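Chemist: Sharing data.txt below, compact mmCIF, C-alpha atoms:
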# COMPACT_ATOMS: atom_id res chain seq x y z
CA MET A 115 20.94 19.50 15.80
CA THR A 116 19.84 15.90 15.31
CA MET A 117 16.68 15.62 13.21
CA LYS A 118 13.98 13.39 14.67
CA LEU A 119 12.02 11.11 12.36
CA TYR A 120 8.75 9.87 13.84
CA CYS A 121 8.38 6.46 12.29
CA MET A 122 7.99 2.70 12.68
CA GLY A 123 9.70 -0.20 10.96
CA GLU A 124 6.54 -1.56 9.39
CA SER A 125 5.86 1.63 7.42
CA GLY A 126 7.19 1.79 3.89
CA ASN A 127 6.21 5.45 3.80
CA ALA A 128 8.44 6.07 6.81
CA TYR A 129 11.17 4.01 5.13
CA LYS A 130 11.24 6.47 2.20
CA ALA A 131 12.19 9.25 4.62
CA ALA A 132 14.52 7.12 6.77
CA LEU A 133 16.50 5.70 3.85
CA THR A 134 16.84 9.17 2.31
CA LEU A 135 18.15 10.56 5.63
CA GLU A 136 20.57 7.64 5.97
CA LEU A 137 21.92 7.66 2.40
CA ALA A 138 22.21 11.47 2.42
CA GLY A 139 24.38 11.21 5.55
CA ALA A 140 22.06 13.41 7.61
CA ASP A 141 22.33 13.67 11.40
CA TRP A 142 19.06 11.97 12.40
CA GLU A 143 17.47 9.56 14.81
CA PRO A 144 14.27 7.55 14.65
CA VAL A 145 11.50 8.03 17.22
CA PHE A 146 9.13 5.08 17.40
CA VAL A 147 5.43 5.82 16.92
CA ASP A 148 2.96 3.12 17.90
CA PHE A 149 0.85 3.83 14.84
CA PHE A 150 -1.00 0.51 14.83
CA ASN A 151 -2.28 1.23 18.32
CA GLY A 152 -3.51 4.67 17.31
CA GLU A 153 -0.74 6.85 18.76
CA ALA A 154 -0.58 9.04 15.63
CA ARG A 155 -4.33 9.61 15.66
CA LYS A 156 -4.46 10.97 19.21
CA PRO A 157 -5.33 14.70 19.43
CA GLU A 158 -2.15 15.55 21.37
CA TRP A 159 0.07 13.81 18.83
CA ARG A 160 -1.73 15.56 15.98
CA ALA A 161 -1.30 18.91 17.75
CA GLU A 162 2.38 18.40 18.56
CA VAL A 163 3.72 16.46 15.59
CA ASN A 164 1.38 16.11 12.62
CA GLU A 165 -2.24 17.17 12.21
CA MET A 166 -2.58 14.65 9.37
CA GLY A 167 -2.24 11.86 11.96
CA GLU A 168 0.26 9.88 9.93
CA VAL A 169 3.89 8.78 9.91
CA PRO A 170 6.49 9.67 8.87
CA ALA A 171 6.90 13.14 10.38
CA LEU A 172 10.19 15.00 10.69
CA VAL A 173 11.04 17.50 13.40
CA ASP A 174 14.18 19.58 12.93
CA GLY A 175 14.24 22.30 15.56
CA ASP A 176 11.25 24.50 14.76
CA VAL A 177 10.62 22.83 11.40
CA LYS A 178 7.87 20.22 11.36
CA LEU A 179 7.23 18.32 8.16
CA SER A 180 5.23 15.35 7.01
CA GLN A 181 4.60 13.43 3.79
CA SER A 182 7.63 11.37 2.83
CA ALA A 183 8.26 13.25 -0.43
CA VAL A 184 8.40 16.58 1.40
CA ILE A 185 10.82 15.15 3.96
CA GLN A 186 12.95 13.78 1.10
CA GLN A 187 13.04 17.23 -0.53
CA TYR A 188 13.94 18.91 2.77
CA VAL A 189 16.78 16.46 3.39
CA ILE A 190 18.15 17.06 -0.11
CA ASP A 191 17.92 20.83 0.36
CA GLN A 192 19.67 20.62 3.74
CA THR A 193 22.43 18.19 2.78
CA GLY A 194 22.96 18.90 -0.92
CA SER A 195 22.71 15.15 -1.50
CA PRO A 196 22.77 13.97 -5.15
CA LEU A 197 19.70 11.83 -4.31
CA GLY A 198 17.63 14.68 -5.75
CA GLY A 199 18.95 13.88 -9.22
CA LYS A 200 20.39 16.29 -11.76
CA PRO A 201 18.69 19.69 -12.16
CA GLU A 202 17.52 18.80 -15.68
CA ASP A 203 15.77 15.72 -14.28
CA LYS A 204 13.80 17.68 -11.70
CA TYR A 205 10.35 17.06 -13.20
CA GLU A 206 11.06 13.44 -14.04
CA VAL A 207 12.21 12.62 -10.49
CA MET A 208 9.16 14.42 -9.09
CA ARG A 209 6.90 12.57 -11.54
CA TRP A 210 7.98 9.15 -10.30
CA VAL A 211 7.87 10.18 -6.65
CA LEU A 212 4.31 11.42 -7.18
CA TRP A 213 3.36 8.34 -9.13
CA ASP A 214 4.64 6.17 -6.31
CA ASN A 215 2.63 8.12 -3.74
CA ASN A 216 -0.42 8.05 -5.95
CA LYS A 217 -0.36 4.59 -7.53
CA MET A 218 2.31 2.29 -6.11
CA SER A 219 2.82 2.66 -2.31
CA SER A 220 -0.72 3.92 -1.87
CA HIS A 221 -1.95 0.47 -2.92
CA ALA A 222 0.92 -1.82 -1.91
CA GLY A 223 0.95 -0.36 1.62
CA PRO A 224 -2.76 -0.81 2.42
CA LEU A 225 -2.71 -4.24 0.70
CA ARG A 226 0.14 -5.44 2.93
CA PHE A 227 -1.64 -3.96 5.94
CA GLN A 228 -4.91 -5.72 5.09
CA MET A 229 -3.19 -9.06 4.47
CA ASN A 230 -0.87 -9.06 7.48
CA PHE A 231 -1.76 -6.60 10.21
CA LEU A 232 -5.54 -6.23 10.16
CA SER A 233 -7.65 -8.48 12.37
CA GLU A 234 -9.60 -11.11 10.49
CA LYS A 235 -12.96 -9.60 11.34
CA HIS A 236 -12.02 -6.28 9.70
CA ARG A 237 -10.45 -7.88 6.65
CA SER A 238 -12.31 -7.96 3.32
CA ASP A 239 -11.47 -10.24 0.41
CA ALA A 240 -13.04 -7.77 -2.02
CA VAL A 241 -10.85 -4.93 -0.74
CA ILE A 242 -7.77 -7.14 -0.87
CA TRP A 243 -8.65 -8.09 -4.42
CA PHE A 244 -9.15 -4.45 -5.39
CA LEU A 245 -5.83 -3.37 -3.87
CA HIS A 246 -4.08 -6.39 -5.34
CA GLY A 247 -5.24 -5.46 -8.85
CA ARG A 248 -4.03 -1.89 -8.46
CA THR A 249 -0.70 -2.98 -6.99
CA GLN A 250 -0.10 -5.41 -9.86
CA ALA A 251 -0.94 -2.70 -12.42
CA ALA A 252 1.61 -0.41 -10.77
CA LEU A 253 4.25 -3.16 -10.71
CA GLU A 254 3.72 -3.66 -14.46
CA ILE A 255 4.45 0.03 -15.09
CA LEU A 256 7.53 -0.10 -12.86
CA GLU A 257 8.82 -3.29 -14.53
CA LEU A 258 8.41 -1.66 -17.93
CA ARG A 259 10.19 1.48 -16.79
CA LEU A 260 13.15 -0.53 -15.49
CA THR A 261 13.53 -2.55 -18.66
CA GLY A 262 16.88 -1.46 -20.08
CA ARG A 263 17.51 1.06 -17.29
CA ASP A 264 19.52 0.78 -14.06
CA TRP A 265 17.67 3.54 -12.23
CA ILE A 266 14.22 5.07 -12.56
CA VAL A 267 15.63 8.45 -13.63
CA GLY A 268 19.12 9.26 -14.89
CA ASP A 269 22.17 7.14 -14.17
CA ALA A 270 22.25 7.02 -10.36
CA ILE A 271 19.96 6.32 -7.43
CA THR A 272 17.51 9.14 -6.60
CA VAL A 273 14.55 9.67 -4.30
CA ALA A 274 12.40 8.28 -7.14
CA ASP A 275 14.04 4.87 -6.59
CA ILE A 276 13.81 5.20 -2.81
CA SER A 277 10.13 6.04 -3.04
CA CYS A 278 9.15 3.30 -5.47
CA CYS A 279 11.08 0.52 -3.66
CA SER A 280 9.75 1.35 -0.22
CA TYR A 281 7.37 -1.58 0.25
CA LEU A 282 9.28 -4.10 -1.84
CA TYR A 283 11.85 -5.35 0.72
CA TYR A 284 9.28 -6.44 3.30
CA PRO A 285 8.97 -10.17 3.93
CA GLU A 286 5.23 -10.15 4.72
CA PRO A 287 3.21 -11.47 1.76
CA PHE A 288 1.19 -9.05 -0.33
CA GLY A 289 1.21 -10.72 -3.71
CA PHE A 290 4.68 -9.49 -4.70
CA ASP A 291 7.37 -12.03 -5.54
CA ARG A 292 10.64 -10.66 -6.88
CA ALA A 293 11.03 -13.74 -9.09
CA ASP A 294 8.01 -12.60 -11.15
CA TRP A 295 9.58 -9.24 -11.98
CA PRO A 296 13.17 -9.65 -13.26
CA HIS A 297 13.90 -5.96 -13.85
CA ILE A 298 12.43 -4.89 -10.54
CA ASP A 299 14.38 -7.71 -8.88
CA ALA A 300 17.73 -6.59 -10.36
CA TRP A 301 16.96 -2.98 -9.46
CA LEU A 302 16.16 -3.90 -5.84
CA THR A 303 19.55 -5.65 -5.64
CA ARG A 304 21.18 -2.54 -7.12
CA ILE A 305 19.54 -0.37 -4.43
CA SER A 306 20.43 -2.73 -1.57
CA ASP A 307 24.05 -2.84 -2.84
CA THR A 308 24.29 0.94 -2.40
CA PRO A 309 26.79 1.73 0.39
CA GLY A 310 24.92 2.55 3.59
CA TRP A 311 21.68 0.83 2.57
CA LYS A 312 19.70 -0.79 5.35
CA HIS A 313 16.54 -2.88 5.45
CA PRO A 314 13.51 -1.03 6.92
CA TYR A 315 13.52 -3.29 9.99
CA ASP A 316 17.21 -2.46 10.60
CA LEU A 317 16.76 1.27 10.08
CA MET A 318 13.70 1.96 12.24
CA PRO A 319 12.28 0.56 15.49
CA GLY A 320 9.10 -1.49 15.29
CA HIS A 321 8.76 -5.02 13.93
CA PRO A 322 5.78 -7.41 13.64
CA ASP A 323 7.47 -9.78 16.14
CA ASP A 324 7.31 -7.05 18.80
CA ARG A 325 3.54 -7.33 18.69
CA ALA A 326 3.31 -11.10 18.72
CA MET B 3 3.45 27.57 -28.30
CA THR B 4 0.11 26.39 -26.93
CA MET B 5 0.50 23.71 -24.28
CA LYS B 6 -1.70 20.66 -24.76
CA LEU B 7 -3.34 19.07 -21.74
CA TYR B 8 -4.53 15.51 -22.33
CA CYS B 9 -7.56 15.26 -20.09
CA MET B 10 -11.26 14.60 -19.67
CA GLY B 11 -13.95 16.47 -17.76
CA GLU B 12 -14.71 13.60 -15.40
CA SER B 13 -11.17 13.48 -14.00
CA GLY B 14 -10.50 15.49 -10.86
CA ASN B 15 -6.81 14.73 -11.32
CA ALA B 16 -6.94 16.37 -14.76
CA TYR B 17 -8.91 19.26 -13.23
CA LYS B 18 -5.97 20.03 -10.90
CA ALA B 19 -3.77 20.63 -13.93
CA ALA B 20 -6.46 22.38 -16.03
CA LEU B 21 -7.51 24.82 -13.30
CA THR B 22 -3.86 25.64 -12.56
CA LEU B 23 -3.21 26.35 -16.25
CA GLU B 24 -6.36 28.50 -16.45
CA LEU B 25 -5.81 30.52 -13.27
CA ALA B 26 -2.11 31.00 -14.09
CA GLY B 27 -3.12 32.49 -17.44
CA ALA B 28 -1.13 29.94 -19.43
CA ASP B 29 -1.59 29.47 -23.18
CA TRP B 30 -3.14 26.00 -23.20
CA GLU B 31 -5.79 23.83 -24.79
CA PRO B 32 -7.44 20.62 -23.65
CA VAL B 33 -7.19 17.43 -25.73
CA PHE B 34 -9.89 14.91 -24.90
CA VAL B 35 -8.74 11.43 -23.91
CA ASP B 36 -11.35 8.67 -23.87
CA PHE B 37 -9.90 7.25 -20.68
CA PHE B 38 -12.99 5.27 -19.69
CA ASN B 39 -12.79 3.36 -22.97
CA GLY B 40 -9.13 2.55 -22.44
CA GLU B 41 -7.51 5.11 -24.77
CA ALA B 42 -4.81 5.97 -22.19
CA ARG B 43 -3.91 2.33 -21.65
CA LYS B 44 -3.21 1.59 -25.32
CA PRO B 45 0.46 0.90 -26.11
CA GLU B 46 0.66 3.67 -28.72
CA TRP B 47 -0.79 6.26 -26.34
CA ARG B 48 1.61 5.14 -23.61
CA ALA B 49 4.52 5.40 -26.04
CA GLU B 50 3.54 8.81 -27.39
CA VAL B 51 2.08 10.60 -24.39
CA ASN B 52 2.46 8.87 -21.03
CA GLU B 53 3.91 5.46 -20.18
CA MET B 54 1.98 5.54 -16.90
CA GLY B 55 -1.24 5.21 -18.89
CA GLU B 56 -3.04 7.96 -17.03
CA VAL B 57 -4.45 11.44 -17.43
CA PRO B 58 -3.61 14.25 -17.09
CA ALA B 59 -0.54 14.54 -19.28
CA LEU B 60 0.94 17.81 -20.55
CA VAL B 61 2.81 18.23 -23.80
CA ASP B 62 4.65 21.52 -24.32
CA GLY B 63 6.84 21.21 -27.41
CA ASP B 64 9.40 18.57 -26.51
CA VAL B 65 8.43 18.52 -22.86
CA LYS B 66 6.12 15.69 -21.78
CA LEU B 67 4.91 15.59 -18.22
CA SER B 68 2.38 13.69 -16.17
CA GLN B 69 1.15 13.60 -12.58
CA SER B 70 -0.98 16.65 -11.81
CA ALA B 71 1.41 18.00 -9.14
CA VAL B 72 4.33 17.96 -11.58
CA ILE B 73 2.24 19.76 -14.21
CA GLN B 74 1.23 22.33 -11.59
CA GLN B 75 4.90 22.91 -10.69
CA TYR B 76 5.85 23.24 -14.36
CA VAL B 77 3.08 25.77 -15.00
CA ILE B 78 4.19 27.84 -11.99
CA ASP B 79 7.81 27.73 -13.14
CA GLN B 80 6.83 28.76 -16.67
CA THR B 81 4.38 31.53 -15.79
CA GLY B 82 5.70 32.81 -12.45
CA SER B 83 2.15 32.47 -11.11
CA PRO B 84 1.66 33.17 -7.38
CA LEU B 85 -0.32 29.89 -7.20
CA GLY B 86 2.93 28.29 -6.00
CA GLY B 87 2.66 30.23 -2.73
CA LYS B 88 5.35 32.26 -1.01
CA PRO B 89 8.91 30.85 -1.00
CA GLU B 90 8.78 30.34 2.78
CA ASP B 91 5.65 28.20 2.36
CA LYS B 92 7.29 25.85 -0.16
CA TYR B 93 7.26 22.73 2.04
CA GLU B 94 3.81 23.40 3.43
CA VAL B 95 2.26 23.78 -0.05
CA MET B 96 4.05 20.64 -1.19
CA ARG B 97 2.90 18.79 1.94
CA TRP B 98 -0.79 19.43 1.23
CA VAL B 99 -0.44 18.65 -2.47
CA LEU B 100 1.21 15.33 -1.56
CA TRP B 101 -1.38 14.62 1.11
CA ASP B 102 -4.13 15.21 -1.43
CA ASN B 103 -2.50 12.85 -3.93
CA ASN B 104 -1.89 10.27 -1.23
CA LYS B 105 -4.99 10.47 0.95
CA MET B 106 -7.74 12.69 -0.45
CA SER B 107 -8.11 12.46 -4.26
CA SER B 108 -6.66 8.97 -4.31
CA HIS B 109 -9.72 7.77 -2.39
CA ALA B 110 -12.41 10.28 -3.44
CA GLY B 111 -11.62 9.69 -7.14
CA PRO B 112 -11.87 5.88 -7.15
CA LEU B 113 -14.91 6.08 -4.83
CA ARG B 114 -16.76 8.38 -7.25
CA PHE B 115 -15.69 6.12 -10.11
CA GLN B 116 -16.98 2.99 -8.37
CA MET B 117 -20.28 4.61 -7.44
CA ASN B 118 -21.03 6.30 -10.76
CA PHE B 119 -19.05 5.02 -13.71
CA LEU B 120 -18.32 1.35 -13.04
CA SER B 121 -20.74 -1.26 -14.34
CA GLU B 122 -22.79 -2.96 -11.66
CA LYS B 123 -21.15 -6.32 -12.20
CA HIS B 124 -17.70 -4.89 -11.42
CA ARG B 125 -18.86 -2.86 -8.45
CA SER B 126 -18.16 -4.04 -4.90
CA ASP B 127 -19.95 -2.77 -1.80
CA ALA B 128 -16.94 -3.70 0.34
CA VAL B 129 -14.59 -1.66 -1.84
CA ILE B 130 -17.02 1.28 -1.84
CA TRP B 131 -17.23 1.05 1.94
CA PHE B 132 -13.44 0.94 2.25
CA LEU B 133 -12.96 3.96 -0.04
CA HIS B 134 -15.82 5.79 1.66
CA GLY B 135 -14.16 5.39 5.07
CA ARG B 136 -10.85 6.67 3.79
CA THR B 137 -12.47 9.60 1.98
CA GLN B 138 -14.40 10.62 5.11
CA ALA B 139 -11.20 10.45 7.20
CA ALA B 140 -9.48 12.74 4.69
CA LEU B 141 -12.42 15.16 4.69
CA GLU B 142 -12.19 15.37 8.50
CA ILE B 143 -8.53 16.40 8.27
CA LEU B 144 -9.34 18.97 5.57
CA GLU B 145 -12.28 20.40 7.58
CA LEU B 146 -10.03 20.74 10.61
CA ARG B 147 -7.31 22.44 8.57
CA LEU B 148 -9.80 24.97 7.17
CA THR B 149 -11.24 25.85 10.56
CA GLY B 150 -10.22 29.47 11.10
CA ARG B 151 -8.31 29.68 7.81
CA ASP B 152 -9.36 31.00 4.40
CA TRP B 153 -6.82 28.98 2.40
CA ILE B 154 -4.94 25.76 3.07
CA VAL B 155 -1.55 27.51 3.17
CA GLY B 156 -0.85 31.22 3.59
CA ASP B 157 -3.33 33.97 2.76
CA ALA B 158 -4.16 33.29 -0.89
CA ILE B 159 -5.16 30.44 -3.17
CA THR B 160 -2.33 28.03 -4.07
CA VAL B 161 -1.96 24.71 -5.85
CA ALA B 162 -2.62 23.09 -2.46
CA ASP B 163 -6.20 24.40 -2.61
CA ILE B 164 -6.54 23.46 -6.29
CA SER B 165 -5.34 19.94 -5.56
CA CYS B 166 -7.50 19.30 -2.51
CA CYS B 167 -10.71 20.68 -4.06
CA SER B 168 -10.42 18.77 -7.30
CA TYR B 169 -13.16 16.18 -6.75
CA LEU B 170 -15.41 18.32 -4.59
CA TYR B 171 -17.33 20.26 -7.27
CA TYR B 172 -18.64 17.19 -9.07
CA PRO B 173 -22.38 16.57 -8.90
CA GLU B 174 -22.16 12.76 -8.99
CA PRO B 175 -22.73 11.27 -5.52
CA PHE B 176 -19.80 9.83 -3.61
CA GLY B 177 -20.84 10.42 -0.02
CA PHE B 178 -19.76 14.06 0.05
CA ASP B 179 -22.34 16.73 0.87
CA ARG B 180 -21.05 20.29 1.31
CA ALA B 181 -23.70 20.92 3.97
CA ASP B 182 -21.95 18.45 6.28
CA TRP B 183 -18.63 20.32 6.15
CA PRO B 184 -19.13 24.06 6.80
CA HIS B 185 -15.47 25.08 6.52
CA ILE B 186 -14.89 23.06 3.37
CA ASP B 187 -18.14 24.50 1.98
CA ALA B 188 -17.07 28.12 2.57
CA TRP B 189 -13.61 27.40 1.15
CA LEU B 190 -15.11 25.85 -2.02
CA THR B 191 -17.16 29.03 -2.48
CA ARG B 192 -13.99 31.09 -1.97
CA ILE B 193 -12.22 29.08 -4.68
CA SER B 194 -15.12 29.25 -7.14
CA ASP B 195 -15.33 33.04 -6.56
CA THR B 196 -11.72 33.40 -7.75
CA PRO B 197 -11.69 35.35 -11.05
CA GLY B 198 -11.28 32.94 -13.96
CA TRP B 199 -12.51 29.87 -12.03
CA LYS B 200 -14.42 27.29 -14.05
CA HIS B 201 -16.18 24.07 -13.16
CA PRO B 202 -14.37 20.92 -14.39
CA TYR B 203 -17.15 20.22 -16.92
CA ASP B 204 -16.77 23.74 -18.34
CA LEU B 205 -12.98 23.62 -18.48
CA MET B 206 -12.43 20.24 -20.14
CA PRO B 207 -14.27 18.15 -22.74
CA GLY B 208 -15.94 14.94 -21.57
CA HIS B 209 -19.14 14.69 -19.51
CA PRO B 210 -21.14 11.71 -18.22
CA ASP B 211 -24.07 12.73 -20.49
CA ASP B 212 -21.86 12.21 -23.56
CA ARG B 213 -21.77 8.52 -22.71
CA ALA B 214 -25.48 8.08 -21.95
Would it be possible to restate this file's structure as structure tokens?

Modeler:
Amino acid sequence: MTMKLYCMGESGNAYKAALTLELAGADWEPVFVDFFNGEARKPEWRAEVNEMGEVPALVDGDVKLSQSAVIQQYVIDQTGSPLGGKPEDKYEVMRWVLWDNNKMSSHAGPLRFQMNFLSEKHRSDAVIWFLHGRTQAALEILELRLTGRDWIVGDAITVADISCCSYLYYPEPFGFDRADWPHIDAWLTRISDTPGWKHPYDLMPGHPDDRA
Amino acid sequence: MTMKLYCMGESGNAYKAALTLELAGADWEPVFVDFFNGEARKPEWRAEVNEMGEVPALVDGDVKLSQSAVIQQYVIDQTGSPLGGKPEDKYEVMRWVLWDNNKMSSHAGPLRFQMNFLSEKHRSDAVIWFLHGRTQAALEILELRLTGRDWIVGDAITVADISCCSYLYYPEPFGFDRADWPHIDAWLTRISDTPGWKHPYDLMPGHPDDRA
């Protein structure tokens, strides 16, 4: 049965799940969620798809999952994809996926949202500054990690790479310029050179132009 | 060998690891890290303990781990503790641990920090308001989840409960009052009634009074 990923192109969190499904060769299809207009926060959507009111969410028959890292793990378990890394790297892969969810995407995502998708009257320079500082601190740790390494863990792409890169291909400005981060830059090229790789806007429906 | 948890009493993230170690009956000891004075961000600490520059970090012989959820998983794997939940609940436990790291603690922690530990000149009302809104939204989802349930997943305490409760026993104000959230309140009592439970300030060294 084809797995359904509830998602939208603008969401780096959804991209983590979508790119994992795609690179693992899973049988899946995206289902667009109009998150910015509150679709995921409606009671019926919460009841049917995800009580947490967030994308991505995966539905595979009777299985309903959310949180990108959980979807990644499920896809690996179902497909046997090497994207999970070697068994001996289990904790290290998990550590970087968690770090991304906790420190990297969790600041880069809201920062990009504030700077590009939030109406001016709801925008706050202080909040942007706060999120910018935290995003830059995370980028420093990532740049350091990638110094002298091709991949975040081990010698091949894993869900740790997919998680950490998830907001870094977007064209909308959020204070990240690949030219400032040579090791991150080379690593992003390495990921996008992986056979089957697609840009978030090519992998999922939903693009800022659709809303213009 | 006794596992060493690098931590401090004020950190709810460290508490997730410490309470898991304690309730799992692991052989462990806390090692105080003066995080607020930058100890974890020093190059030598990063090199020796955790390149991410954050607490908690666990050292068990040659094994070095960070990110509370990874430490929790390691402790479960080492001790066979039922805190990991039943095998069939694997994704659901992981989902709530991730959600906590992504949406609950990641806002409640910085909010409490801003309101209680940050000097006035670095404090921003707009940032506090932003974090407050996100914390309240997370509390609503948690309250809803706990309506009609004793535990977040299954019928016993798991690391999902330990993760989600981690900032909710602290006395410092951050806009959370147990009286406003009856199901969260009853669940917090259920957790603190668990044999072996300790308050974060009783489980780890480091208390706001030490800095007064």

Chemist: Excluding same-chain residues fewer than 4 positions from Trp210 in chain A, what lies within 8 Å of it counting all atoms listed in the file, as a VMD selection string?

Modeler: chain A and resid 206 214 266 274 278

Chemist: Give me a file of those residues, with C-alpha atoms, as a short mmCIF file (atom, residue, chain, number, x, y, z; two decimals), keeping the file's coordinate frame.

Modeler:
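The result, written out as out.cif:
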data_model
loop_
_atom_site.label_atom_id
_atom_site.label_comp_id
_atom_site.auth_asym_id
_atom_site.auth_seq_id
_atom_site.Cartn_x
_atom_site.Cartn_y
_atom_site.Cartn_z
CA GLU A 206 11.06 13.44 -14.04
CA ASP A 214 4.64 6.17 -6.31
CA ILE A 266 14.22 5.07 -12.56
CA ALA A 274 12.40 8.28 -7.14
CA CYS A 278 9.15 3.30 -5.47
#

Chemist: Excluding range 301-304 of chain A and any residue of its chain fewer than 4 positions from it, enumerate the residues within 9 Å of it, using only C-alpha atoms, and give them as a PDB file with C-alpha atoms, in the frame of the given file.

Modeler:
ATOM      1  CA  LEU A 260      13.150  -0.530 -15.490  1.00  0.00           C
ATOM      2  CA  ARG A 263      17.510   1.060 -17.290  1.00  0.00           C
ATOM      3  CA  ASP A 264      19.520   0.780 -14.060  1.00  0.00           C
ATOM      4  CA  TRP A 265      17.670   3.540 -12.230  1.00  0.00           C
ATOM      5  CA  ILE A 271      19.960   6.320  -7.430  1.00  0.00           C
ATOM      6  CA  ASP A 275      14.040   4.870  -6.590  1.00  0.00           C
ATOM      7  CA  CYS A 279      11.080   0.520  -3.660  1.00  0.00           C
ATOM      8  CA  LEU A 282       9.280  -4.100  -1.840  1.00  0.00           C
ATOM      9  CA  TYR A 283      11.850  -5.350   0.720  1.00  0.00           C
ATOM     10  CA  ARG A 292      10.640 -10.660  -6.880  1.00  0.00           C
ATOM     11  CA  PRO A 296      13.170  -9.650 -13.260  1.00  0.00           C
ATOM     12  CA  HIS A 297      13.900  -5.960 -13.850  1.00  0.00           C
ATOM     13  CA  THR A 308      24.290   0.940  -2.400  1.00  0.00           C
TER      14      THR A 308
END

Chemist: How many Å lie between CA of Ala252 in chain A and CA of Ser165 in chain B, rounded to one decimal?

Modeler: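 Interatomic distance here is 22.1 Å.
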
Chemist: Pick out the chain A residues within 8 Å of chain B. Count all atoms listed in the file. Give them as a PDB file with C-alpha atoms, in the frame of the given file.

Modeler:
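Dumped everything to part35.pdb:
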ATOM      1  CA  GLU A 165      -2.240  17.170  12.210  1.00  0.00           C
ATOM      2  CA  MET A 166      -2.580  14.650   9.370  1.00  0.00           C
ATOM      3  CA  LEU A 179       7.230  18.320   8.160  1.00  0.00           C
ATOM      4  CA  SER A 180       5.230  15.350   7.010  1.00  0.00           C
ATOM      5  CA  GLN A 181       4.600  13.430   3.790  1.00  0.00           C
ATOM      6  CA  ALA A 183       8.260  13.250  -0.430  1.00  0.00           C
ATOM      7  CA  VAL A 184       8.400  16.580   1.400  1.00  0.00           C
ATOM      8  CA  TYR A 188      13.940  18.910   2.770  1.00  0.00           C
ATOM      9  CA  TYR A 205      10.350  17.060 -13.200  1.00  0.00           C
ATOM     10  CA  GLU A 206      11.060  13.440 -14.040  1.00  0.00           C
ATOM     11  CA  MET A 208       9.160  14.420  -9.090  1.00  0.00           C
ATOM     12  CA  ARG A 209       6.900  12.570 -11.540  1.00  0.00           C
ATOM     13  CA  LEU A 212       4.310  11.420  -7.180  1.00  0.00           C
ATOM     14  CA  TRP A 213       3.360   8.340  -9.130  1.00  0.00           C
ATOM     15  CA  ASN A 215       2.630   8.120  -3.740  1.00  0.00           C
ATOM     16  CA  ASN A 216      -0.420   8.050  -5.950  1.00  0.00           C
ATOM     17  CA  SER A 220      -0.720   3.920  -1.870  1.00  0.00           C
ATOM     18  CA  SER A 238     -12.310  -7.960   3.320  1.00  0.00           C
ATOM     19  CA  ALA A 240     -13.040  -7.770  -2.020  1.00  0.00           C
ATOM     20  CA  VAL A 241     -10.850  -4.930  -0.740  1.00  0.00           C
ATOM     21  CA  PHE A 244      -9.150  -4.450  -5.390  1.00  0.00           C
ATOM     22  CA  ILE A 255       4.450   0.030 -15.090  1.00  0.00           C
TER      23      ILE A 255
END

Chemist: Find the residue from B:Ala188, B:Met106, B:Ala20, B:Leu120 that sits nearest to Arg136 in chain B; use only C-alpha atoms when measuring.

Modeler: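 Using only C-alpha atoms, Arg136 in chain B sits closest to B:Met106.
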
Chemist: Which value, in Å to one decimal, gives the distance between CA of Lys312 in chain A and CA of Val147 in chain A?

Modeler: 19.5 Å

Chemist: Mind working out the centre and edge lengths of an axis-aligned box for range 231-236 of chain A, all listed atoms inside, 3 Å added to each side, rounded to one decimal in Å and written as lines of an AutoDock Vina configuration file?

Modeler:
center_x = -7.4
center_y = -8.7
center_z = 11.0
size_x = 17.2
size_y = 10.9
size_z = 8.7

Chemist: With 9 Å as the threshold, what does the neighbourhood of (1.3, -9.3, -5.7) contain in terms of residues, counting all atoms listed in the file? Coordinates are those of the file; answer as number ranges by chain.

Modeler: A: 222, 246-247, 249-250, 253, 287-291

Chemist: What would the list of residues within 8 Å of (-5.3, 10.8, 13.8) (file frame) look like as a list in words, if all atoms listed in the file are what count?

Modeler: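 Residues close enough to count: Gly152, Glu153, Ala154, Arg155, Lys156, Pro157, Trp159, Arg160, Glu165, Met166, Gly167 and Glu168 of chain A.
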
Chemist: Keeping C-alpha atoms for every residue in the selection just given, could you write it to a file as a CSV table (one decimal), in the coordinates of the input?

Modeler:
chain,number,residue,atom,x,y,z
A,152,GLY,CA,-3.5,4.7,17.3
A,153,GLU,CA,-0.7,6.8,18.8
A,154,ALA,CA,-0.6,9.0,15.6
A,155,ARG,CA,-4.3,9.6,15.7
A,156,LYS,CA,-4.5,11.0,19.2
A,157,PRO,CA,-5.3,14.7,19.4
A,159,TRP,CA,0.1,13.8,18.8
A,160,ARG,CA,-1.7,15.6,16.0
A,165,GLU,CA,-2.2,17.2,12.2
A,166,MET,CA,-2.6,14.6,9.4
A,167,GLY,CA,-2.2,11.9,12.0
A,168,GLU,CA,0.3,9.9,9.9

Chemist: Quick one: residues within 10 Å of range 4-10 of chain B, all atoms listed in the file, excluding same-chain residues fewer than 5 positions away - as a PyMOL selection string?

Modeler: chain B and resi 15-17+19-20+23+28-38+42+51-52+56-63+65-68+73+77+202-203+205-209
